[in-house]
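So this one's model24.cif, mmCIF, C-alpha atoms:
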```
data_target
loop_
_atom_site.label_atom_id
_atom_site.label_comp_id
_atom_site.auth_asym_id
_atom_site.auth_seq_id
_atom_site.Cartn_x
_atom_site.Cartn_y
_atom_site.Cartn_z
CA MET A 1 -88.30 40.42 -44.99
CA VAL A 2 -89.50 43.29 -42.82
CA THR A 3 -88.34 46.86 -42.48
CA ILE A 4 -88.40 48.59 -39.11
CA HIS A 5 -88.85 52.29 -39.86
CA THR A 6 -87.41 54.39 -37.00
CA ASN A 7 -86.73 58.08 -36.48
CA PHE A 8 -83.04 57.11 -36.80
CA GLY A 9 -83.50 55.31 -40.15
CA ASP A 10 -84.58 51.95 -41.53
CA ILE A 11 -83.52 48.47 -40.41
CA LYS A 12 -84.22 45.61 -42.85
CA ILE A 13 -84.54 42.15 -41.34
CA ALA A 14 -84.71 38.75 -43.00
CA LEU A 15 -87.01 36.56 -40.91
CA ASN A 16 -86.23 32.85 -40.57
CA SER A 17 -89.61 31.10 -40.71
CA GLU A 18 -87.89 27.77 -41.38
CA LYS A 19 -86.01 27.74 -38.04
CA ALA A 20 -88.55 29.70 -35.94
CA PRO A 21 -91.96 29.32 -37.62
CA ASN A 22 -94.20 30.15 -34.66
CA THR A 23 -92.02 33.07 -33.56
CA VAL A 24 -92.05 34.59 -37.05
CA LYS A 25 -95.83 34.03 -37.29
CA ASN A 26 -96.27 35.78 -33.91
CA PHE A 27 -94.03 38.70 -34.95
CA LEU A 28 -95.88 39.15 -38.26
CA GLU A 29 -99.25 39.15 -36.45
CA TYR A 30 -98.01 42.12 -34.43
CA VAL A 31 -96.71 43.77 -37.62
CA ASN A 32 -100.02 43.26 -39.45
CA SER A 33 -102.06 44.60 -36.52
CA GLY A 34 -100.02 47.82 -36.46
CA HIS A 35 -98.88 47.05 -32.92
CA PHE A 36 -95.35 48.37 -33.40
CA GLU A 37 -96.42 51.78 -34.76
CA GLY A 38 -95.36 54.41 -32.23
CA THR A 39 -93.54 51.95 -29.97
CA ILE A 40 -89.99 52.75 -28.93
CA PHE A 41 -86.66 51.12 -28.32
CA HIS A 42 -87.06 51.43 -24.55
CA ARG A 43 -83.93 49.55 -23.44
CA VAL A 44 -80.55 50.25 -25.00
CA ILE A 45 -77.29 48.78 -23.73
CA GLU A 46 -74.40 49.66 -26.07
CA ASN A 47 -72.35 46.49 -25.81
CA PHE A 48 -75.33 44.17 -25.58
CA MET A 49 -78.55 44.92 -27.47
CA ILE A 50 -81.37 47.34 -28.31
CA GLN A 51 -84.86 46.26 -27.19
CA GLY A 52 -88.24 47.51 -28.31
CA GLY A 53 -91.77 46.72 -29.37
CA GLY A 54 -93.61 46.95 -26.07
CA PHE A 55 -93.90 50.55 -24.90
CA ASP A 56 -95.03 53.85 -26.39
CA ALA A 57 -93.10 57.10 -26.02
CA ASP A 58 -94.81 57.80 -22.68
CA MET A 59 -93.56 54.43 -21.36
CA ASN A 60 -97.07 52.96 -21.38
CA GLN A 61 -97.02 49.23 -22.12
CA LYS A 62 -99.11 48.26 -25.14
CA SER A 63 -101.60 45.39 -24.99
CA ILE A 64 -100.22 42.04 -26.08
CA ASN A 65 -101.37 38.64 -27.32
CA GLU A 66 -100.86 35.37 -25.47
CA PRO A 67 -97.21 34.36 -24.92
CA ILE A 68 -95.64 31.88 -27.31
CA LYS A 69 -93.59 28.72 -26.79
CA CYS A 70 -89.85 29.36 -26.95
CA GLU A 71 -88.24 28.11 -30.19
CA SER A 72 -84.66 28.85 -29.14
CA ASN A 73 -83.57 25.24 -29.76
CA ASN A 74 -83.31 26.00 -33.48
CA GLY A 75 -79.55 26.18 -34.04
CA LEU A 76 -79.51 29.97 -34.46
CA SER A 77 -77.12 31.98 -32.30
CA ASN A 78 -77.52 35.41 -30.71
CA LYS A 79 -74.72 36.88 -32.79
CA THR A 80 -74.27 40.52 -33.81
CA GLY A 81 -77.15 41.71 -35.98
CA THR A 82 -79.63 38.97 -35.13
CA ILE A 83 -83.12 39.68 -33.83
CA ALA A 84 -84.49 37.64 -30.93
CA MET A 85 -87.56 37.61 -28.72
CA ALA A 86 -87.41 39.29 -25.34
CA ARG A 87 -89.13 37.51 -22.46
CA THR A 88 -89.40 37.32 -18.69
CA SER A 89 -87.64 34.65 -16.61
CA ASP A 90 -90.29 32.22 -17.92
CA PRO A 91 -88.80 30.76 -21.13
CA HIS A 92 -92.26 30.62 -22.75
CA SER A 93 -93.32 34.23 -22.06
CA ALA A 94 -92.33 36.05 -25.27
CA THR A 95 -95.04 38.29 -26.73
CA ALA A 96 -94.26 41.46 -28.73
CA GLN A 97 -90.92 42.69 -27.42
CA PHE A 98 -87.82 41.90 -29.39
CA PHE A 99 -84.17 42.86 -29.34
CA ILE A 100 -81.36 43.22 -31.85
CA ASN A 101 -77.99 41.96 -30.66
CA THR A 102 -75.25 44.61 -30.95
CA LYS A 103 -72.50 42.09 -30.23
CA ASP A 104 -72.13 38.32 -30.13
CA ASN A 105 -74.19 37.23 -27.10
CA ASN A 106 -73.64 33.47 -27.15
CA PHE A 107 -74.58 33.28 -23.46
CA LEU A 108 -78.18 33.93 -24.61
CA ASP A 109 -78.21 30.80 -26.78
CA PHE A 110 -80.14 27.61 -26.04
CA THR A 111 -78.19 25.03 -24.04
CA ALA A 112 -80.87 22.82 -22.47
CA GLU A 113 -84.60 22.64 -21.77
CA THR A 114 -84.16 24.04 -18.27
CA MET A 115 -85.11 27.41 -16.80
CA GLN A 116 -81.52 28.62 -17.22
CA GLY A 117 -80.85 26.82 -20.49
CA TRP A 118 -83.68 27.86 -22.78
CA GLY A 119 -81.98 31.04 -23.91
CA TYR A 120 -83.60 33.55 -26.26
CA CYS A 121 -85.10 32.67 -29.62
CA VAL A 122 -83.33 34.16 -32.64
CA PHE A 123 -85.77 34.48 -35.54
CA GLY A 124 -84.01 36.68 -38.06
CA GLU A 125 -81.05 38.82 -38.99
CA VAL A 126 -80.42 42.41 -40.05
CA THR A 127 -79.60 42.53 -43.77
CA GLU A 128 -79.46 46.34 -44.14
CA GLY A 129 -79.35 49.11 -41.58
CA MET A 130 -76.71 47.91 -39.12
CA ALA A 131 -75.45 51.52 -39.20
CA VAL A 132 -78.85 52.54 -37.79
CA VAL A 133 -78.63 49.85 -35.09
CA ASN A 134 -75.12 51.07 -34.24
CA GLN A 135 -76.35 54.66 -34.05
CA ILE A 136 -79.18 53.64 -31.70
CA LYS A 137 -76.88 51.60 -29.45
CA MET A 138 -74.82 54.76 -28.83
CA VAL A 139 -77.66 56.96 -27.52
CA GLU A 140 -77.44 58.35 -24.02
CA THR A 141 -79.63 56.45 -21.58
CA SER A 142 -81.12 57.20 -18.20
CA PHE A 143 -83.57 55.93 -15.59
CA SER A 144 -87.24 56.49 -16.53
CA SER A 145 -90.58 55.14 -15.33
CA GLY A 146 -88.86 52.66 -13.01
CA MET A 147 -86.65 51.28 -15.79
CA GLN A 148 -82.97 51.73 -16.50
CA ASP A 149 -81.19 51.98 -19.87
CA VAL A 150 -84.01 54.08 -21.36
CA PRO A 151 -82.84 56.39 -24.18
CA VAL A 152 -82.87 60.09 -23.25
CA GLU A 153 -83.71 60.91 -26.88
CA THR A 154 -86.74 58.80 -27.79
CA VAL A 155 -86.02 56.16 -30.44
CA VAL A 156 -89.39 55.67 -32.14
CA ILE A 157 -90.51 52.76 -34.28
CA ASN A 158 -92.74 54.64 -36.72
CA SER A 159 -93.88 51.44 -38.43
CA VAL A 160 -92.82 47.99 -39.51
CA THR A 161 -93.58 46.97 -43.08
CA ILE A 162 -93.45 43.60 -44.81
CA GLU A 163 -91.44 43.37 -48.02
CA GLU A 164 -92.04 40.59 -50.53
#
```

As structure tokens - that is how I would like this structure written.
Amino acid sequence: MVTIHTNFGDIKIALNSEKAPNTVKNFLEYVNSGHFEGTIFHRVIENFMIQGGGFDADMNQKSINEPIKCESNNGLSNKTGTIAMARTSDPHSATAQFFINTKDNNFLDFTAETMQGWGYCVFGEVTEGMAVVNQIKMVETSFSSGMQDVPVETVVINSVTIEE
């Protein structure tokens, strides 16, 4: 269990190390290193997801570890309230960025080991704080630093803590 402490409130997440062991290990390495402190939710799309973990408030990308192998073929679905790894078009490019689904996004699920079929690896689920997620998904967004869907009011991840 981890808690994402934001300037909008706390989001508690149960991690699923049984279904996504390497993804959870990777995420916890970033948590333990303090990587997420001061990062922001830099991409917010109301009827889709909120994405964060890679940029600071000035839209500078933070340094990252090596990408991990995609574990999306784990039976977990990108349903409302799940957390998944963000990545580039390369299925095995996830590093620190993650997103929380704000609606059921089954089209992001694994279908096959092909470029289009890998999907996005779900590795946990919000257990408390969906009201915070829903508040964040409603923020006004704009174009900033060459990116769209950036919140006008900065949504800061102050820290992420591990709960026993």

Given the PyMOL selection byres ((chain A and resi 69) around 9) and the file above, list the residues it selects as a PyMOL selection string. chain A and resi 22-23+67-68+70-71+91-94

Suppose a student applies the PyMOL selection byres ((chain A and resi 108) around 9) to this structure; what residues should they get, written as a list in words?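 Taken over the shown coordinates, the PyMOL selection byres ((chain A and resi 108) around 9) returns Ser77, Asn78, Asn105, Asn106, Phe107, Asp109, Phe110, Thr111, Gly117, Trp118, Gly119, Tyr120 and Cys121 of chain A.
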
Filtering to C-alpha atoms, could you give me those residues as a PDB file, in the coordinates of the input?
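Once written, out18.pdb looks like this:
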```
ATOM      1  CA  SER A  77     -77.120  31.980 -32.300  1.00  0.00           C
ATOM      2  CA  ASN A  78     -77.520  35.410 -30.710  1.00  0.00           C
ATOM      3  CA  ASN A 105     -74.190  37.230 -27.100  1.00  0.00           C
ATOM      4  CA  ASN A 106     -73.640  33.470 -27.150  1.00  0.00           C
ATOM      5  CA  PHE A 107     -74.580  33.280 -23.460  1.00  0.00           C
ATOM      6  CA  ASP A 109     -78.210  30.800 -26.780  1.00  0.00           C
ATOM      7  CA  PHE A 110     -80.140  27.610 -26.040  1.00  0.00           C
ATOM      8  CA  THR A 111     -78.190  25.030 -24.040  1.00  0.00           C
ATOM      9  CA  GLY A 117     -80.850  26.820 -20.490  1.00  0.00           C
ATOM     10  CA  TRP A 118     -83.680  27.860 -22.780  1.00  0.00           C
ATOM     11  CA  GLY A 119     -81.980  31.040 -23.910  1.00  0.00           C
ATOM     12  CA  TYR A 120     -83.600  33.550 -26.260  1.00  0.00           C
ATOM     13  CA  CYS A 121     -85.100  32.670 -29.620  1.00  0.00           C
TER      14      CYS A 121
END
```

Name the residues that the PyMOL selection byres ((chain A and resi 4) around 7) picks from the file above, as a list in words, using the file's chain letters and numbers.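 After applying the PyMOL selection byres ((chain A and resi 4) around 7), what remains is Val2, Thr3, His5, Thr6, Asp10, Ile11, Lys12, Ile157, Ser159, Val160 and Thr161 of chain A.
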
Expected file: the selected residues, C-alpha atoms, as a PDB file, keeping the file's coordinate frame:
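Below you can see selection15.pdb, which holds the result:
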```
ATOM      1  CA  VAL A   2     -89.500  43.290 -42.820  1.00  0.00           C
ATOM      2  CA  THR A   3     -88.340  46.860 -42.480  1.00  0.00           C
ATOM      3  CA  HIS A   5     -88.850  52.290 -39.860  1.00  0.00           C
ATOM      4  CA  THR A   6     -87.410  54.390 -37.000  1.00  0.00           C
ATOM      5  CA  ASP A  10     -84.580  51.950 -41.530  1.00  0.00           C
ATOM      6  CA  ILE A  11     -83.520  48.470 -40.410  1.00  0.00           C
ATOM      7  CA  LYS A  12     -84.220  45.610 -42.850  1.00  0.00           C
ATOM      8  CA  ILE A 157     -90.510  52.760 -34.280  1.00  0.00           C
ATOM      9  CA  SER A 159     -93.880  51.440 -38.430  1.00  0.00           C
ATOM     10  CA  VAL A 160     -92.820  47.990 -39.510  1.00  0.00           C
ATOM     11  CA  THR A 161     -93.580  46.970 -43.080  1.00  0.00           C
TER      12      THR A 161
END
```

If we count only C-alpha atoms, what is near Glu140 in chain A at a cut-off of 12 Å, once residues fewer than 2 positions away on the same chain are taken out, given as an MDAnalysis selection string? chainID A and resid 42:46 135:138 142:143 148:155

Could you write out that same residue set with C-alpha atoms as an mmCIF file, in the frame of the given file?
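Result file is selection.cif:
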```
data_model
loop_
_atom_site.group_PDB
_atom_site.id
_atom_site.type_symbol
_atom_site.label_atom_id
_atom_site.label_comp_id
_atom_site.auth_asym_id
_atom_site.auth_seq_id
_atom_site.Cartn_x
_atom_site.Cartn_y
_atom_site.Cartn_z
ATOM 1 C CA HIS A 42 -87.060 51.430 -24.550
ATOM 2 C CA ARG A 43 -83.930 49.550 -23.440
ATOM 3 C CA VAL A 44 -80.550 50.250 -25.000
ATOM 4 C CA ILE A 45 -77.290 48.780 -23.730
ATOM 5 C CA GLU A 46 -74.400 49.660 -26.070
ATOM 6 C CA GLN A 135 -76.350 54.660 -34.050
ATOM 7 C CA ILE A 136 -79.180 53.640 -31.700
ATOM 8 C CA LYS A 137 -76.880 51.600 -29.450
ATOM 9 C CA MET A 138 -74.820 54.760 -28.830
ATOM 10 C CA SER A 142 -81.120 57.200 -18.200
ATOM 11 C CA PHE A 143 -83.570 55.930 -15.590
ATOM 12 C CA GLN A 148 -82.970 51.730 -16.500
ATOM 13 C CA ASP A 149 -81.190 51.980 -19.870
ATOM 14 C CA VAL A 150 -84.010 54.080 -21.360
ATOM 15 C CA PRO A 151 -82.840 56.390 -24.180
ATOM 16 C CA VAL A 152 -82.870 60.090 -23.250
ATOM 17 C CA GLU A 153 -83.710 60.910 -26.880
ATOM 18 C CA THR A 154 -86.740 58.800 -27.790
ATOM 19 C CA VAL A 155 -86.020 56.160 -30.440
#
```

Ref. answer, residues at most 9 Å from (-86.9, 37.6, -35.7) with only C-alpha atoms, as a list in words: Ile13, Ala14, Leu15, Asn16, Ser17, Ala20, Thr23, Val24, Phe27, Thr82, Ile83, Ala84, Met85, Phe98, Phe99, Ile100, Cys121, Val122, Phe123, Gly124 and Glu125 of chain A

Could the residues in this selection be saved with C-alpha atoms as an mmCIF file, in the frame of the given file?
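Contents of result.cif, as written:
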```cif
data_model
loop_
_atom_site.group_PDB
_atom_site.id
_atom_site.type_symbol
_atom_site.label_atom_id
_atom_site.label_comp_id
_atom_site.auth_asym_id
_atom_site.auth_seq_id
_atom_site.Cartn_x
_atom_site.Cartn_y
_atom_site.Cartn_z
ATOM 1 C CA ILE A 13 -84.540 42.150 -41.340
ATOM 2 C CA ALA A 14 -84.710 38.750 -43.000
ATOM 3 C CA LEU A 15 -87.010 36.560 -40.910
ATOM 4 C CA ASN A 16 -86.230 32.850 -40.570
ATOM 5 C CA SER A 17 -89.610 31.100 -40.710
ATOM 6 C CA ALA A 20 -88.550 29.700 -35.940
ATOM 7 C CA THR A 23 -92.020 33.070 -33.560
ATOM 8 C CA VAL A 24 -92.050 34.590 -37.050
ATOM 9 C CA PHE A 27 -94.030 38.700 -34.950
ATOM 10 C CA THR A 82 -79.630 38.970 -35.130
ATOM 11 C CA ILE A 83 -83.120 39.680 -33.830
ATOM 12 C CA ALA A 84 -84.490 37.640 -30.930
ATOM 13 C CA MET A 85 -87.560 37.610 -28.720
ATOM 14 C CA PHE A 98 -87.820 41.900 -29.390
ATOM 15 C CA PHE A 99 -84.170 42.860 -29.340
ATOM 16 C CA ILE A 100 -81.360 43.220 -31.850
ATOM 17 C CA CYS A 121 -85.100 32.670 -29.620
ATOM 18 C CA VAL A 122 -83.330 34.160 -32.640
ATOM 19 C CA PHE A 123 -85.770 34.480 -35.540
ATOM 20 C CA GLY A 124 -84.010 36.680 -38.060
ATOM 21 C CA GLU A 125 -81.050 38.820 -38.990
#
```

Tell me, in Å to one decimal, how far CA of Ser72 in chain A is from CA of Lys19 in chain A.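 Interatomic distance, CA of Ser72 in chain A to CA of Lys19 in chain A: 9.1 Å.
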
Give me, as a PyMOL selection string, all polymer residues having an atom no more than 9 Å from Gly9 in chain A, counting all atoms listed in the file and skipping those fewer than 6 positions away in the same chain. chain A and resi 129+131-133

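Distances here use only C-alpha atoms; by that measure, the residue among A:Thr102, A:Asn32, A:Thr39, A:Thr127 closest to Met59 in chain A is A:Thr39.
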
Considering all atoms listed in the file, return as an MDAnalysis selection string whatever protein or nucleic-acid residues lie within 8 Å of Ala96 in chain A, sequence-local ones (same chain, fewer than 6 positions apart) excluded. chainID A and resid 26:27 30 53:54 64:65 85:86

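If you look at CA of Asp104 in chain A and CA of Asn74 in chain A, they are 17.0 Å away from each other.
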
Which residue out of A:Phe55, A:Ala112, A:Glu29, A:Lys103 has the minimum interatomic distance to Met147 in chain A when only C-alpha atoms are used?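 Ranked by minimum distance to Met147 in chain A, first place goes to A:Phe55.
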
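A straight line drawn from CA of Thr114 in chain A to CA of Thr88 in chain A is 14.3 Å long.
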
Ranking A:Asn101, A:Ser63, A:Gln116, A:Asn73 by minimum distance to Ser89 in chain A and counting all atoms listed in the file, which one comes first?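 Smallest separation from Ser89 in chain A among the options: A:Gln116.
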
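Each of A:Met115, A:Val126, A:Val31, A:Ile40 was compared to Thr80 in chain A using only C-alpha atoms, and A:Val126 turns out to be the nearest.
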
I need the residue nearest Glu128 in chain A from this list: A:Glu164, A:Asn158, A:Asn7, A:Gly81. Use all atoms listed in the file for the distance. A:Gly81

Given all atoms listed in the file as the counted atoms, nearest of A:Ile162, A:Asp56, A:Gly75, A:Met49 to Glu18 in chain A: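 Checking each candidate against Glu18 in chain A, we get A:Gly75 as the closest.
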